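Participant: start07.tsv is reproduced in full below (TSV, C-alpha atoms).
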```tsv
chain	number	residue	atom	x	y	z
A	951	MET	CA	155.54	114.82	156.42
A	952	HIS	CA	155.93	116.72	153.14
A	953	VAL	CA	155.31	113.53	151.15
A	954	LEU	CA	152.17	112.68	153.16
A	955	LEU	CA	150.83	116.21	152.72
A	956	THR	CA	151.45	116.01	148.98
A	957	LEU	CA	149.54	112.72	148.79
A	958	ILE	CA	146.56	114.19	150.63
A	959	LEU	CA	146.48	117.39	148.60
A	960	GLY	CA	146.99	115.38	145.40
A	961	LEU	CA	143.69	113.53	145.62
A	962	GLY	CA	141.80	113.79	142.35
A	963	VAL	CA	145.01	114.56	140.46
A	964	ASP	CA	146.34	112.35	137.67
A	965	PRO	CA	148.11	109.52	139.57
A	966	GLN	CA	151.04	109.75	137.16
A	967	ARG	CA	151.64	113.38	138.04
A	968	LEU	CA	151.22	112.60	141.71
A	969	LEU	CA	153.82	109.82	141.56
A	970	HIS	CA	156.20	112.13	139.72
A	971	THR	CA	155.99	114.35	142.80
A	972	VAL	CA	156.11	111.86	145.67
A	973	GLY	CA	158.22	109.14	144.02
A	974	LEU	CA	158.68	105.57	145.22
A	975	ILE	CA	158.71	106.49	148.93
A	976	GLY	CA	155.38	108.28	148.57
A	977	LEU	CA	153.92	105.29	146.72
A	978	LEU	CA	155.00	102.89	149.48
A	979	LEU	CA	153.59	105.18	152.17
A	980	ALA	CA	150.27	105.37	150.31
A	981	VAL	CA	150.04	101.58	149.93
A	982	PHE	CA	150.91	101.09	153.59
A	983	ALA	CA	148.37	103.64	154.79
A	984	GLU	CA	145.55	102.41	152.58
A	985	SER	CA	146.16	98.76	153.41
A	986	GLY	CA	145.63	98.94	157.13
A	987	MET	CA	145.71	102.44	158.59
A	988	MET	CA	142.15	103.70	158.81
A	989	VAL	CA	143.24	107.24	158.00
A	990	GLY	CA	144.27	106.05	154.54
A	991	PHE	CA	140.88	104.91	153.25
A	992	PHE	CA	140.68	107.86	150.83
A	993	LEU	CA	143.90	107.05	148.95
A	994	PRO	CA	143.58	105.79	145.33
A	995	GLY	CA	145.59	102.59	145.76
A	996	ASP	CA	144.48	100.79	142.59
A	997	SER	CA	145.20	103.63	140.19
A	998	LEU	CA	148.48	104.46	141.96
A	999	LEU	CA	149.71	100.87	141.54
A	1000	PHE	CA	148.75	100.84	137.88
A	1001	ALA	CA	150.40	104.21	137.30
A	1002	ALA	CA	153.48	102.94	139.13
A	1003	GLY	CA	153.79	100.06	136.67
A	1004	LEU	CA	153.34	102.43	133.73
A	1005	LEU	CA	155.91	104.93	135.00
A	1006	THR	CA	158.36	102.15	135.86
A	1007	TYR	CA	158.23	100.89	132.28
A	1008	ARG	CA	158.98	104.41	131.09
A	1009	GLY	CA	161.92	104.60	133.50
A	1010	ASP	CA	160.36	107.49	135.44
A	1011	LEU	CA	160.04	105.59	138.73
A	1012	ALA	CA	162.74	103.69	140.64
A	1013	GLY	CA	164.99	103.88	137.60
A	1014	GLY	CA	162.77	101.44	135.73
A	1015	GLN	CA	163.41	98.65	138.26
A	1016	VAL	CA	159.98	97.00	138.24
A	1017	TRP	CA	161.07	94.30	140.69
A	1018	LEU	CA	161.96	96.98	143.26
A	1019	VAL	CA	158.60	98.72	142.90
A	1020	THR	CA	156.71	95.42	143.04
A	1021	VAL	CA	158.53	93.97	146.05
A	1022	GLY	CA	158.29	97.27	147.89
A	1023	CYS	CA	154.54	97.55	147.32
A	1024	VAL	CA	153.93	93.92	148.34
A	1025	ILE	CA	155.82	94.47	151.60
A	1026	ALA	CA	154.03	97.78	152.25
A	1027	ALA	CA	150.64	96.16	151.63
A	1028	VAL	CA	151.30	93.14	153.85
A	1029	VAL	CA	152.82	95.17	156.68
A	1030	GLY	CA	149.96	97.67	156.47
A	1031	ASP	CA	147.40	94.93	156.95
A	1032	GLN	CA	149.37	93.48	159.87
A	1033	VAL	CA	149.30	96.89	161.53
A	1034	GLY	CA	145.56	97.18	160.87
A	1035	TYR	CA	144.99	93.76	162.43
A	1036	GLY	CA	147.01	94.80	165.48
A	1037	VAL	CA	145.00	97.99	165.85
A	1038	GLY	CA	141.74	96.06	165.68
A	1039	ARG	CA	142.98	93.45	168.13
A	1040	LYS	CA	144.08	96.05	170.66
A	1041	LEU	CA	141.23	98.51	170.29
A	1042	GLY	CA	138.48	96.01	169.48
A	1043	PRO	CA	136.06	96.84	172.29
A	1044	ARG	CA	136.40	100.58	171.67
A	1045	LEU	CA	135.88	100.19	167.91
A	1046	ALA	CA	132.94	97.84	168.38
A	1047	ASP	CA	131.12	100.39	170.54
A	1048	ARG	CA	129.84	102.84	167.94
A	1049	GLU	CA	128.60	105.28	170.55
A	1050	ARG	CA	132.06	105.65	172.12
A	1051	SER	CA	134.09	105.29	168.93
A	1052	ARG	CA	136.37	108.26	168.24
A	1053	PHE	CA	136.98	107.23	164.64
A	1054	PRO	CA	135.15	109.12	161.88
A	1055	LYS	CA	132.96	107.44	159.29
A	1056	ASP	CA	132.57	104.25	161.30
A	1057	GLU	CA	129.97	103.12	158.73
A	1058	HIS	CA	133.01	101.88	156.81
A	1059	LEU	CA	133.68	99.47	159.65
A	1060	VAL	CA	130.12	98.21	159.36
A	1061	LYS	CA	130.54	97.62	155.62
A	1062	ALA	CA	133.84	95.84	156.20
A	1063	GLN	CA	132.24	93.68	158.88
A	1064	ALA	CA	129.47	92.63	156.46
A	1065	PHE	CA	132.07	91.81	153.81
A	1066	PHE	CA	134.09	89.82	156.34
A	1067	ASP	CA	131.01	87.89	157.51
A	1068	ARG	CA	130.04	87.07	153.92
A	1069	HIS	CA	133.40	85.75	152.75
A	1070	GLY	CA	135.08	84.50	155.93
A	1071	PRO	CA	138.91	84.36	156.02
A	1072	LYS	CA	139.05	84.83	152.23
A	1073	ALA	CA	137.72	88.34	152.80
A	1074	ILE	CA	141.24	89.42	153.78
A	1075	ALA	CA	142.49	88.64	150.26
A	1076	LEU	CA	139.32	89.61	148.39
A	1077	SER	CA	139.01	92.95	150.17
A	1078	ARG	CA	142.23	94.08	148.48
A	1079	PHE	CA	140.15	94.64	145.36
A	1080	VAL	CA	137.43	96.71	147.06
A	1081	PRO	CA	138.32	100.35	147.82
A	1082	ILE	CA	137.71	101.45	151.42
A	1083	VAL	CA	136.79	97.90	152.46
A	1084	ARG	CA	140.44	96.85	152.04
A	1085	THR	CA	141.42	99.49	154.59
A	1086	PHE	CA	138.97	98.43	157.28
A	1087	CYS	CA	138.80	94.66	156.78
A	1088	PRO	CA	142.10	93.96	158.61
A	1089	VAL	CA	140.84	96.02	161.54
A	1090	VAL	CA	137.60	94.00	161.59
A	1091	ALA	CA	139.66	90.79	161.54
A	1092	GLY	CA	141.53	92.03	164.59
A	1093	VAL	CA	138.35	93.05	166.37
A	1094	SER	CA	136.93	89.59	165.64
A	1095	ARG	CA	140.14	88.00	166.99
A	1096	MET	CA	140.67	85.99	163.82
A	1097	ASP	CA	143.49	83.45	164.18
A	1098	HIS	CA	146.67	85.37	163.39
A	1099	ARG	CA	148.24	82.62	161.28
A	1100	VAL	CA	145.12	82.35	159.13
A	1101	PHE	CA	145.00	86.13	158.80
A	1102	THR	CA	148.68	86.31	157.81
A	1103	ARG	CA	148.27	83.61	155.15
A	1104	TRP	CA	145.37	85.37	153.43
A	1105	ASN	CA	147.03	88.75	153.95
A	1106	VAL	CA	150.14	87.64	152.05
A	1107	ILE	CA	148.07	86.04	149.27
A	1108	GLY	CA	145.97	89.16	148.83
A	1109	GLY	CA	148.92	91.54	149.03
A	1110	VAL	CA	150.91	89.64	146.43
A	1111	VAL	CA	148.04	89.24	143.95
A	1112	TRP	CA	146.89	92.84	144.33
A	1113	ALA	CA	150.26	94.59	144.09
A	1114	VAL	CA	151.85	92.31	141.51
A	1115	GLY	CA	148.70	92.17	139.38
A	1116	LEU	CA	148.12	95.92	139.10
A	1117	ILE	CA	151.77	96.91	138.77
A	1118	GLN	CA	152.40	94.30	136.09
A	1119	LEU	CA	149.20	95.33	134.31
A	1120	GLY	CA	150.45	98.92	134.12
A	1121	TYR	CA	153.92	97.79	133.06
A	1122	TRP	CA	152.56	95.45	130.38
A	1123	LEU	CA	150.11	97.99	128.95
A	1124	GLY	CA	152.85	100.61	128.93
A	1125	ARG	CA	154.92	98.29	126.76
A	1126	ILE	CA	152.23	97.31	124.25
A	1127	ALA	CA	150.25	100.59	124.24
A	1128	PRO	CA	152.60	103.54	124.91
A	1129	GLY	CA	149.73	106.03	124.70
A	1130	VAL	CA	147.67	104.43	127.46
A	1131	GLY	CA	148.86	106.98	130.00
A	1132	ASP	CA	147.06	109.73	128.07
A	1133	ARG	CA	143.68	108.05	128.63
A	1134	MET	CA	143.73	107.55	132.38
A	1135	GLU	CA	139.97	108.01	132.70
A	1136	LEU	CA	139.43	104.87	130.61
A	1137	VAL	CA	142.22	103.11	132.46
A	1138	VAL	CA	140.51	103.76	135.80
A	1139	VAL	CA	137.34	102.11	134.49
A	1140	ALA	CA	139.39	99.13	133.31
A	1141	ILE	CA	141.03	98.90	136.73
A	1142	VAL	CA	137.63	98.82	138.42
A	1143	VAL	CA	136.54	95.97	136.15
A	1144	PHE	CA	139.83	94.13	136.75
A	1145	SER	CA	139.44	94.58	140.51
A	1146	LEU	CA	135.93	93.11	140.49
A	1147	ILE	CA	137.01	89.84	138.82
A	1148	PRO	CA	138.14	88.07	142.04
A	1149	ILE	CA	134.94	89.10	143.83
A	1150	GLY	CA	132.81	87.84	140.93
A	1151	VAL	CA	134.67	84.53	140.82
A	1152	GLU	CA	134.19	84.03	144.56
A	1153	LEU	CA	130.48	84.87	144.38
A	1154	VAL	CA	129.92	82.39	141.54
A	1155	ARG	CA	131.87	79.73	143.37
A	1156	SER	CA	129.96	80.30	146.62
A	1157	ARG	CA	126.64	80.12	144.79
A	1158	ARG	CA	127.63	76.84	143.14
A	1159	GLU	CA	128.71	75.38	146.47
A	1160	ARG	CA	125.37	76.30	148.03
A	1161	THR	CA	123.52	74.80	145.06
A	1162	ASP	CA	125.50	71.57	145.16
A	1163	SER	CA	125.16	71.10	148.92
A	1164	PRO	CA	122.35	68.84	150.23
A	1165	THR	CA	120.59	71.76	151.89
A	1166	GLY	CA	120.95	74.01	148.86
A	1167	THR	CA	120.02	71.57	146.10
A	1168	PRO	CA	116.69	72.52	144.55
A	1169	GLY	CA	113.90	70.10	145.24
A	1170	ARG	CA	115.38	68.71	148.45
```
Please, can you express the file's structure as structure tokens?

Facilitator:
Amino acid sequence: MHVLLTLILGLGVDPQRLLHTVGLIGLLLAVFAESGMMVGFFLPGDSLLFAAGLLTYRGDLAGGQVWLVTVGCVIAAVVGDQVGYGVGRKLGPRLADRERSRFPKDEHLVKAQAFFDRHGPKAIALSRFVPIVRTFCPVVAGVSRMDHRVFTRWNVIGGVVWAVGLIQLGYWLGRIAPGVGDRMELVVVAIVVFSLIPIGVELVRSRRERTDSPTGTPGR
């Protein structure tokens, strides 16, 4: 409970300082909550993962064991999404009825539904790189009764790419640019750009597929 309270009260604080306070357990709880528990949509998952890689390189987190941090975050992310899917599957009718929904800010569910409709099953992996949407997309998948095996496959792919990518990015930059931790405001911007790459690639690919299809080819 103390760790969760620290995470909540630490919003807006330098993620490095926050991780110094909550440690590895707090990081794993944050990843789990943001990945599939709707109450965790406000947590800064991207910057926490990056800061975790940076602090691990310095030896200030998990004794410098980057494999432990990475594996732990992957598991927390995947399990979090599985829980979110289960919540959506069980409470689907209640969540779908906006007038009876007890959950705050249900507009996030609407945004996640639009993202899910646009990208199909791949949305489970792609949503990892979109704050807030990544929290609600697994719930939407459960509400929509997406095939569980398909969901699990894309959940694992997204969890691995997201956690490994950001943690290793922080670890690598910590090694080649030791002063990067002092410019976290620029780092956050870089993380946003990095996070948008998979979405941009998917959009370009989808546009090309529509253009190359018989119904989407100009002049036909």

Participant: Can you sort out the box for stretch 1021-1034 of chain A, edges along x, y and z, all listed atoms in, 8 Å on every side, with centre and edge lengths in Å to one decimal, as JSON?

Facilitator:
```
{"center_x": 152.0, "center_y": 95.5, "center_z": 153.8, "size_x": 29.0, "size_y": 20.6, "size_z": 31.5}
```

Participant: What separation in Å, quoted to one decimal, exists between atom CA of A:Gly1030 and atom CA of A:Phe982?

Facilitator: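 Pair atom CA of A:Gly1030 / atom CA of A:Phe982 returns 4.6 Å.
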
Participant: Kindly provide, as a ChimeraX atom specification, the polymer residues lying within 12 Å of (151.7, 104.5, 147.9), counting only C-alpha atoms and using the coordinates exactly as they appear in the file.

Facilitator: /A:953-954,956-958,965-966,968-969,971-985,990,992-1002,1019-1020,1022-1027,1030,1113,1117

Participant: Between atom CA of A:Gly1003 and atom CA of A:Val1083, what is the spacing in Å?

Facilitator: 23.3 Å

Participant: Of the residues A:Val1060, A:Ala1073, A:Val1111, A:Val1093, which is the one nearest to A:Gly1038, using all atoms listed in the file?

Facilitator: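 For A:Gly1038, the nearest of the candidates is A:Val1093.
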
Participant: Need the shell around A:Pro1071: protein/DNA/RNA residues with any atom at most 9 Å away, counting only C-alpha atoms. Skip same-chain ones fewer than 3 positions apart. Format as a ChimeraX atom specification?

Facilitator: /A:1066-1067,1074-1075,1091,1096,1100-1101,1104

Participant: List every protein, DNA or RNA residue that has an atom no more than 10 Å from (153.2, 102.2, 134.5) in the file's coordinate frame, counting only C-alpha atoms, and report them as a PyMOL selection string.

Facilitator: chain A and resi 966+997-1011+1014+1016+1116-1125+1128+1130-1131

Participant: Applying 10 Å and only C-alpha atoms, which residues near A:Gly1036 remain after dropping the ones on its own chain fewer than 5 positions away? List them as a PyMOL selection string.

Facilitator: chain A and resi 986+1030-1031+1041-1042+1088-1089+1091-1093+1095+1098

Participant: Would you please work out which residue, of A:Trp1017, A:Trp1112, A:Phe1086, A:Phe1079, is nearest to A:Met988 when using all atoms listed in the file?

Facilitator: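 Using all atoms listed in the file, the shortest distance to A:Met988 belongs to A:Phe1086.
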
Participant: Working from the structure I just supplied, which lacks atoms in stretch 985-996 of chain A, can you model all heavy atoms there and output them as an mmCIF file, keeping the file's coordinate frame?

Facilitator:
```cif
data_model
loop_
_atom_site.group_PDB
_atom_site.id
_atom_site.type_symbol
_atom_site.label_atom_id
_atom_site.label_comp_id
_atom_site.auth_asym_id
_atom_site.auth_seq_id
_atom_site.Cartn_x
_atom_site.Cartn_y
_atom_site.Cartn_z
ATOM 1 N N SER A 985 146.334 100.189 153.139
ATOM 2 C CA SER A 985 146.160 98.760 153.410
ATOM 3 C C SER A 985 145.691 98.476 154.820
ATOM 4 O O SER A 985 145.026 97.459 155.045
ATOM 5 C CB SER A 985 147.482 98.018 153.158
ATOM 6 O OG SER A 985 147.808 98.031 151.795
ATOM 7 N N GLY A 986 146.026 99.298 155.782
ATOM 8 C CA GLY A 986 145.630 98.940 157.130
ATOM 9 C C GLY A 986 145.467 100.092 158.104
ATOM 10 O O GLY A 986 144.989 99.898 159.216
ATOM 11 N N MET A 987 145.865 101.281 157.715
ATOM 12 C CA MET A 987 145.710 102.440 158.590
ATOM 13 C C MET A 987 144.408 103.128 158.212
ATOM 14 O O MET A 987 144.243 103.597 157.095
ATOM 15 C CB MET A 987 146.879 103.402 158.401
ATOM 16 C CG MET A 987 148.233 102.762 158.696
ATOM 17 S SD MET A 987 148.410 102.269 160.422
ATOM 18 C CE MET A 987 148.521 103.884 161.200
ATOM 19 N N MET A 988 143.490 103.208 159.139
ATOM 20 C CA MET A 988 142.150 103.700 158.810
ATOM 21 C C MET A 988 142.139 105.110 158.267
ATOM 22 O O MET A 988 141.203 105.504 157.576
ATOM 23 C CB MET A 988 141.253 103.584 160.045
ATOM 24 C CG MET A 988 140.876 102.155 160.378
ATOM 25 S SD MET A 988 139.800 102.016 161.818
ATOM 26 C CE MET A 988 140.953 102.437 163.117
ATOM 27 N N VAL A 989 143.189 105.882 158.543
ATOM 28 C CA VAL A 989 143.240 107.240 158.000
ATOM 29 C C VAL A 989 143.543 107.245 156.511
ATOM 30 O O VAL A 989 143.455 108.288 155.865
ATOM 31 C CB VAL A 989 144.310 108.073 158.747
ATOM 32 C CG1 VAL A 989 143.930 108.263 160.196
ATOM 33 C CG2 VAL A 989 145.677 107.411 158.641
ATOM 34 N N GLY A 990 143.893 106.092 155.945
ATOM 35 C CA GLY A 990 144.270 106.050 154.540
ATOM 36 C C GLY A 990 143.191 105.552 153.609
ATOM 37 O O GLY A 990 143.464 105.251 152.440
ATOM 38 N N PHE A 991 141.946 105.493 154.081
ATOM 39 C CA PHE A 991 140.880 104.910 153.250
ATOM 40 C C PHE A 991 140.592 105.711 151.996
ATOM 41 O O PHE A 991 140.024 105.190 151.031
ATOM 42 C CB PHE A 991 139.586 104.770 154.071
ATOM 43 C CG PHE A 991 138.952 106.080 154.456
ATOM 44 C CD1 PHE A 991 137.996 106.659 153.636
ATOM 45 C CD2 PHE A 991 139.291 106.719 155.638
ATOM 46 C CE1 PHE A 991 137.390 107.863 153.979
ATOM 47 C CE2 PHE A 991 138.694 107.914 155.996
ATOM 48 C CZ PHE A 991 137.748 108.491 155.173
ATOM 49 N N PHE A 992 140.996 106.994 151.973
ATOM 50 C CA PHE A 992 140.680 107.860 150.830
ATOM 51 C C PHE A 992 141.714 107.774 149.716
ATOM 52 O O PHE A 992 141.519 108.336 148.644
ATOM 53 C CB PHE A 992 140.587 109.321 151.302
ATOM 54 C CG PHE A 992 141.809 109.778 152.046
ATOM 55 C CD1 PHE A 992 142.931 110.200 151.362
ATOM 56 C CD2 PHE A 992 141.836 109.772 153.434
ATOM 57 C CE1 PHE A 992 144.064 110.604 152.044
ATOM 58 C CE2 PHE A 992 142.961 110.183 154.118
ATOM 59 C CZ PHE A 992 144.078 110.605 153.427
ATOM 60 N N LEU A 993 142.816 107.075 149.949
ATOM 61 C CA LEU A 993 143.900 107.050 148.950
ATOM 62 C C LEU A 993 143.552 106.147 147.765
ATOM 63 O O LEU A 993 142.961 105.083 147.952
ATOM 64 C CB LEU A 993 145.194 106.569 149.617
ATOM 65 C CG LEU A 993 145.760 107.519 150.680
ATOM 66 C CD1 LEU A 993 146.892 106.851 151.435
ATOM 67 C CD2 LEU A 993 146.241 108.813 150.041
ATOM 68 N N PRO A 994 143.930 106.550 146.553
ATOM 69 C CA PRO A 994 143.580 105.790 145.330
ATOM 70 C C PRO A 994 144.573 104.672 145.036
ATOM 71 O O PRO A 994 145.339 104.738 144.078
ATOM 72 C CB PRO A 994 143.614 106.873 144.250
ATOM 73 C CG PRO A 994 144.690 107.812 144.719
ATOM 74 C CD PRO A 994 144.614 107.821 146.230
ATOM 75 N N GLY A 995 144.584 103.642 145.865
ATOM 76 C CA GLY A 995 145.590 102.590 145.760
ATOM 77 C C GLY A 995 145.652 101.907 144.410
ATOM 78 O O GLY A 995 146.740 101.701 143.855
ATOM 79 N N ASP A 996 144.504 101.519 143.859
ATOM 80 C CA ASP A 996 144.480 100.790 142.590
ATOM 81 C C ASP A 996 145.132 101.588 141.467
ATOM 82 O O ASP A 996 146.007 101.088 140.753
ATOM 83 C CB ASP A 996 143.050 100.423 142.198
ATOM 84 C CG ASP A 996 142.433 99.402 143.137
ATOM 85 O OD1 ASP A 996 143.200 98.674 143.794
ATOM 86 O OD2 ASP A 996 141.197 99.332 143.211
#
```
